[in-house]
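Contents: one structure, followed by commentary.
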Amino acid sequence: MSTRRLLEAAAARLEEGGVGSPRHDAEVLLSHVTGVPRALLTLTARVDDVQRRTYLEMIDARARRVPLQHITGTAAFRYVDVEVGPGVFVPRPETELLAGWAIDAARAVAGEGRPPVVVELCAGSGAISLSMVHEMPQARVHAVELDEGAFAWALRNLDGTGVDLRRGDMADAFPELDGTVDVVVVNPPYIPLDAWESVAPEARDHDPQLALWSGDDGLDAMRIVEQVAWRLLRSGGVVGAEHADAQGESAPAVFTDRWAEVRDHRDLADRPRFVTARRP
């Protein structure tokens, strides 16, 4: 079977499994197996029997809705690659916008002549913290993650970066930093408990439950974020938190009582995606 026909058969198998981007995923997995860039697969890739068996096993796993990133072992996030697998939330492309906002906020503090102090809550794989130290090496970054499995992945990704990573509940994290932090950033759980059927199998069946569900309205964690950020931030410090696209009004409402410059931001698909606010 030619490489082209192999890809076509793999994409058809993925489409049958309900995968949203079958051709893309078929190409990514074949590139992963062969080491040949996606653009050159049908031109230069020669797949031997061992590679073919490995590839078909990966296609079968993806058709069963195992996350693509769990199969390859990595997720691209901004300018870094993050190691991921079972037990950790796979960072999504839309979260890159939140990370970019946090990096810009930290850069503004550095422009004042001092190293920014940044805290990431619900760190998961550590993707946001890793991006922060990669793009803003002068930042003093602290991160916390409660889930044991996710913490192990964050520990792997942030090893040697200088990030102060701790395992624990965000509700009482970093009391020694109270009133001194410049930027708090978080991708918290935000899915309502009754939204089970609407969640893609890749997330519902493979991401940690702690990273997904957040009470009847999906905002239980956001309310804790509001309290923790208020405690941690200095006067003038800022918080940014991701939310579901259906929470473009309800998530900012969590911050309206005592915060300034409460603003919601849209993602590249023009959907409400994260809220930011400044501590007066």
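Naming scheme: A, B, ... for chains in displayed order of the structure tokens; residues 1 onward per chain; ligands 1 onward as shown.
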- Item | All alpha helix (DSSP H) residues (DSSP, backbone) inside range 5-249 of chain A, as a ChimeraX atom specification | /A:5-16,22-34,41-44,49-63,68-72,95-110,127-135,148-158,201-204,220-232
- If you count only C-alpha atoms, which residues fall within 9 Å of range 193-199 of chain A, apart from same-chain ones fewer than 5 positions away, as a ChimeraX atom specification? /A:204,213-218
- Task: Please identify all polymer residues within 9 Å of Arg263 in chain A, counting only C-alpha atoms, omitting same-chain residues fewer than 5 positions from it, and present them as a count of residues only.
- Result: 5
- Task: Name the residues in contact with Glu261 in chain A at a cut-off of 10 Å, using only C-alpha atoms, excluding same-chain residues fewer than 6 positions from it; report them as number ranges by chain.
- Result: A: 238, 255, 276-280
Hey, can you spit out that residue selection with N, CA, C and O atoms as a short mmCIF file (atom, residue, chain, number, x, y, z; two decimals), in the first residue's frame?
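Generated output (out_8.cif):
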data_model
loop_
_atom_site.label_atom_id
_atom_site.label_comp_id
_atom_site.auth_asym_id
_atom_site.auth_seq_id
_atom_site.Cartn_x
_atom_site.Cartn_y
_atom_site.Cartn_z
N VAL A 238 -3.05 42.18 38.31
CA VAL A 238 -4.11 41.72 37.41
C VAL A 238 -4.28 40.21 37.48
O VAL A 238 -3.35 39.46 37.78
N PHE A 255 -16.40 39.00 39.14
CA PHE A 255 -15.39 39.99 39.51
C PHE A 255 -15.94 41.41 39.62
O PHE A 255 -15.20 42.32 40.00
N THR A 276 -10.42 39.13 32.42
CA THR A 276 -9.31 39.76 33.14
C THR A 276 -9.87 40.88 34.01
O THR A 276 -10.92 41.45 33.75
N ALA A 277 -9.14 41.18 35.08
CA ALA A 277 -9.55 42.26 35.99
C ALA A 277 -8.31 42.76 36.72
O ALA A 277 -7.30 42.05 36.83
N ARG A 278 -8.42 43.98 37.22
CA ARG A 278 -7.33 44.61 37.96
C ARG A 278 -7.76 44.89 39.40
O ARG A 278 -8.87 45.35 39.64
N ARG A 279 -6.85 44.59 40.32
CA ARG A 279 -7.14 44.91 41.72
C ARG A 279 -6.93 46.41 41.95
O ARG A 279 -5.86 46.93 41.69
N PRO A 280 -7.96 47.11 42.43
CA PRO A 280 -7.84 48.56 42.60
C PRO A 280 -6.74 48.92 43.61
O PRO A 280 -6.44 48.14 44.50
#
- Item | Long-range neighbours of Leu6 in chain A as a PyMOL selection string, 12 Å cut-off, only C-alpha atoms, 6 positions minimum in chain | chain A and resi 12-13+23+26-27+29-30+41-42+45-48+51-53+55-56+59
Would you mind exporting the chosen residues as a short mmCIF file (atom, residue, chain, number, x, y, z; two decimals), in the first residue's frame, restricted to all heavy atoms?
data_model
loop_
_atom_site.label_atom_id
_atom_site.label_comp_id
_atom_site.auth_asym_id
_atom_site.auth_seq_id
_atom_site.Cartn_x
_atom_site.Cartn_y
_atom_site.Cartn_z
N ALA A 12 -10.09 7.66 6.88
CA ALA A 12 -11.44 7.10 6.85
C ALA A 12 -11.77 6.39 8.15
O ALA A 12 -12.89 6.50 8.67
CB ALA A 12 -11.57 6.13 5.67
N ARG A 13 -10.80 5.69 8.71
CA ARG A 13 -11.01 5.01 10.01
C ARG A 13 -11.28 6.03 11.11
O ARG A 13 -12.16 5.83 11.96
CB ARG A 13 -9.77 4.19 10.35
CG ARG A 13 -9.77 3.58 11.75
CD ARG A 13 -10.68 2.38 11.84
NE ARG A 13 -10.58 1.75 13.15
CZ ARG A 13 -11.37 2.05 14.19
NH1 ARG A 13 -12.30 2.96 14.06
NH2 ARG A 13 -11.22 1.41 15.34
N ARG A 23 -8.09 13.77 8.64
CA ARG A 23 -6.90 13.82 7.78
C ARG A 23 -5.72 14.43 8.54
O ARG A 23 -4.60 13.92 8.46
CB ARG A 23 -7.20 14.64 6.52
CG ARG A 23 -6.04 14.76 5.56
CD ARG A 23 -5.70 13.46 4.88
NE ARG A 23 -4.53 13.57 4.03
CZ ARG A 23 -4.23 12.73 3.05
NH1 ARG A 23 -5.04 11.73 2.76
NH2 ARG A 23 -3.14 12.91 2.32
N ALA A 26 -4.41 11.88 11.03
CA ALA A 26 -3.74 10.78 10.33
C ALA A 26 -2.33 11.21 9.89
O ALA A 26 -1.37 10.44 10.01
CB ALA A 26 -4.57 10.35 9.12
N GLU A 27 -2.21 12.43 9.39
CA GLU A 27 -0.91 12.92 8.96
C GLU A 27 0.03 13.15 10.15
O GLU A 27 1.23 12.83 10.08
CB GLU A 27 -1.08 14.21 8.17
CG GLU A 27 -1.74 14.01 6.81
CD GLU A 27 -1.96 15.33 6.08
OE1 GLU A 27 -1.71 16.40 6.68
OE2 GLU A 27 -2.37 15.29 4.90
N LEU A 29 0.09 11.63 13.01
CA LEU A 29 0.55 10.35 13.55
C LEU A 29 1.55 9.68 12.62
O LEU A 29 2.54 9.09 13.09
CB LEU A 29 -0.64 9.44 13.81
CG LEU A 29 -1.52 9.87 14.99
CD1 LEU A 29 -2.77 8.99 15.09
CD2 LEU A 29 -0.73 9.81 16.30
N LEU A 30 1.34 9.77 11.31
CA LEU A 30 2.30 9.17 10.39
C LEU A 30 3.62 9.93 10.43
O LEU A 30 4.70 9.32 10.36
CB LEU A 30 1.75 9.14 8.97
CG LEU A 30 2.58 8.34 7.96
CD1 LEU A 30 2.74 6.89 8.41
CD2 LEU A 30 1.97 8.40 6.57
N LEU A 41 5.02 13.94 3.47
CA LEU A 41 4.67 12.53 3.69
C LEU A 41 4.42 11.78 2.39
O LEU A 41 4.96 10.70 2.17
CB LEU A 41 3.43 12.44 4.59
CG LEU A 41 3.69 12.65 6.09
CD1 LEU A 41 2.36 12.72 6.83
CD2 LEU A 41 4.55 11.53 6.66
N THR A 42 3.59 12.33 1.51
CA THR A 42 3.25 11.61 0.28
C THR A 42 4.35 11.68 -0.76
O THR A 42 4.30 10.97 -1.77
CB THR A 42 1.94 12.16 -0.32
OG1 THR A 42 2.10 13.56 -0.58
CG2 THR A 42 0.78 11.94 0.64
N ALA A 45 7.96 9.83 2.27
CA ALA A 45 7.84 8.83 3.33
C ALA A 45 7.79 7.42 2.76
O ALA A 45 7.03 7.15 1.83
CB ALA A 45 6.60 9.09 4.18
N ARG A 46 8.60 6.55 3.33
CA ARG A 46 8.58 5.14 3.00
C ARG A 46 8.34 4.38 4.30
O ARG A 46 9.16 4.41 5.20
CB ARG A 46 9.91 4.70 2.36
CG ARG A 46 10.22 5.39 1.05
CD ARG A 46 9.24 4.99 -0.05
NE ARG A 46 9.54 5.66 -1.32
CZ ARG A 46 9.01 6.81 -1.71
NH1 ARG A 46 8.14 7.41 -0.93
NH2 ARG A 46 9.32 7.34 -2.87
N VAL A 47 7.20 3.73 4.40
CA VAL A 47 6.76 3.13 5.65
C VAL A 47 7.09 1.64 5.64
O VAL A 47 6.58 0.88 4.80
CB VAL A 47 5.25 3.33 5.86
CG1 VAL A 47 4.82 2.80 7.22
CG2 VAL A 47 4.89 4.81 5.71
N ASP A 48 7.96 1.20 6.57
CA ASP A 48 8.28 -0.22 6.63
C ASP A 48 7.22 -0.96 7.45
O ASP A 48 6.29 -0.35 8.00
CB ASP A 48 9.69 -0.45 7.20
CG ASP A 48 9.86 0.07 8.62
OD1 ASP A 48 8.90 0.02 9.41
OD2 ASP A 48 10.97 0.53 8.96
N GLN A 51 6.87 0.15 11.18
CA GLN A 51 6.22 1.46 11.26
C GLN A 51 4.74 1.37 10.93
O GLN A 51 3.91 2.03 11.56
CB GLN A 51 6.91 2.45 10.32
CG GLN A 51 8.32 2.84 10.75
CD GLN A 51 9.01 3.68 9.70
OE1 GLN A 51 8.77 3.53 8.50
NE2 GLN A 51 9.89 4.58 10.14
N ARG A 52 4.40 0.54 9.95
CA ARG A 52 3.01 0.40 9.55
C ARG A 52 2.17 -0.18 10.70
O ARG A 52 1.09 0.33 11.00
CB ARG A 52 2.88 -0.50 8.32
CG ARG A 52 1.47 -0.55 7.73
CD ARG A 52 1.44 -1.56 6.56
NE ARG A 52 2.44 -1.23 5.58
CZ ARG A 52 2.27 -0.37 4.58
NH1 ARG A 52 1.12 0.25 4.45
NH2 ARG A 52 3.24 -0.15 3.72
N ARG A 53 2.70 -1.21 11.38
CA ARG A 53 1.97 -1.80 12.50
C ARG A 53 1.80 -0.79 13.63
O ARG A 53 0.72 -0.66 14.21
CB ARG A 53 2.70 -3.05 13.01
CG ARG A 53 2.54 -4.27 12.11
CD ARG A 53 2.96 -5.53 12.82
NE ARG A 53 4.37 -5.51 13.19
CZ ARG A 53 5.35 -5.92 12.42
NH1 ARG A 53 5.08 -6.39 11.20
NH2 ARG A 53 6.60 -5.88 12.82
N TYR A 55 1.82 2.43 13.38
CA TYR A 55 0.91 3.48 12.92
C TYR A 55 -0.54 3.03 13.02
O TYR A 55 -1.40 3.78 13.53
CB TYR A 55 1.26 3.85 11.48
CG TYR A 55 0.37 4.90 10.87
CD1 TYR A 55 0.29 6.18 11.41
CD2 TYR A 55 -0.39 4.62 9.74
CE1 TYR A 55 -0.53 7.15 10.84
CE2 TYR A 55 -1.19 5.58 9.15
CZ TYR A 55 -1.26 6.84 9.72
OH TYR A 55 -2.06 7.80 9.15
N LEU A 56 -0.84 1.83 12.59
CA LEU A 56 -2.22 1.35 12.63
C LEU A 56 -2.71 1.19 14.06
O LEU A 56 -3.89 1.41 14.35
CB LEU A 56 -2.33 0.03 11.87
CG LEU A 56 -2.09 0.14 10.35
CD1 LEU A 56 -2.18 -1.23 9.69
CD2 LEU A 56 -3.09 1.11 9.71
N ILE A 59 -3.60 4.69 15.06
CA ILE A 59 -4.85 5.08 14.43
C ILE A 59 -6.03 4.44 15.16
O ILE A 59 -7.07 5.09 15.39
CB ILE A 59 -4.86 4.69 12.94
CG1 ILE A 59 -3.87 5.58 12.16
CG2 ILE A 59 -6.26 4.80 12.36
CD1 ILE A 59 -4.24 7.05 12.14
#
- Task: Could you please write out, as JSON, numbers by chain, every residue of range 31-280 of chain A that DSSP assigns to strand (DSSP E or B)?
- Result: {"A": [74, 75, 76, 77, 80, 81, 82, 83, 117, 118, 119, 120, 121, 140, 141, 142, 143, 144, 145, 164, 165, 166, 167, 181, 182, 183, 184, 185, 186, 191, 213, 233, 234, 235, 236, 237, 238, 239, 240, 241, 242, 260, 261, 262, 263, 264, 265, 266, 272, 273, 274, 275, 276, 277, 278]}
- Message: Neighbouring residues of Arg234 in chain A were defined as those with any atom within 7 Å, considering only C-alpha atoms; residues of the same chain fewer than 5 positions away were excluded. Please report them as JSON, numbers by chain.
- Response: {"A": [179, 180, 181, 182]}
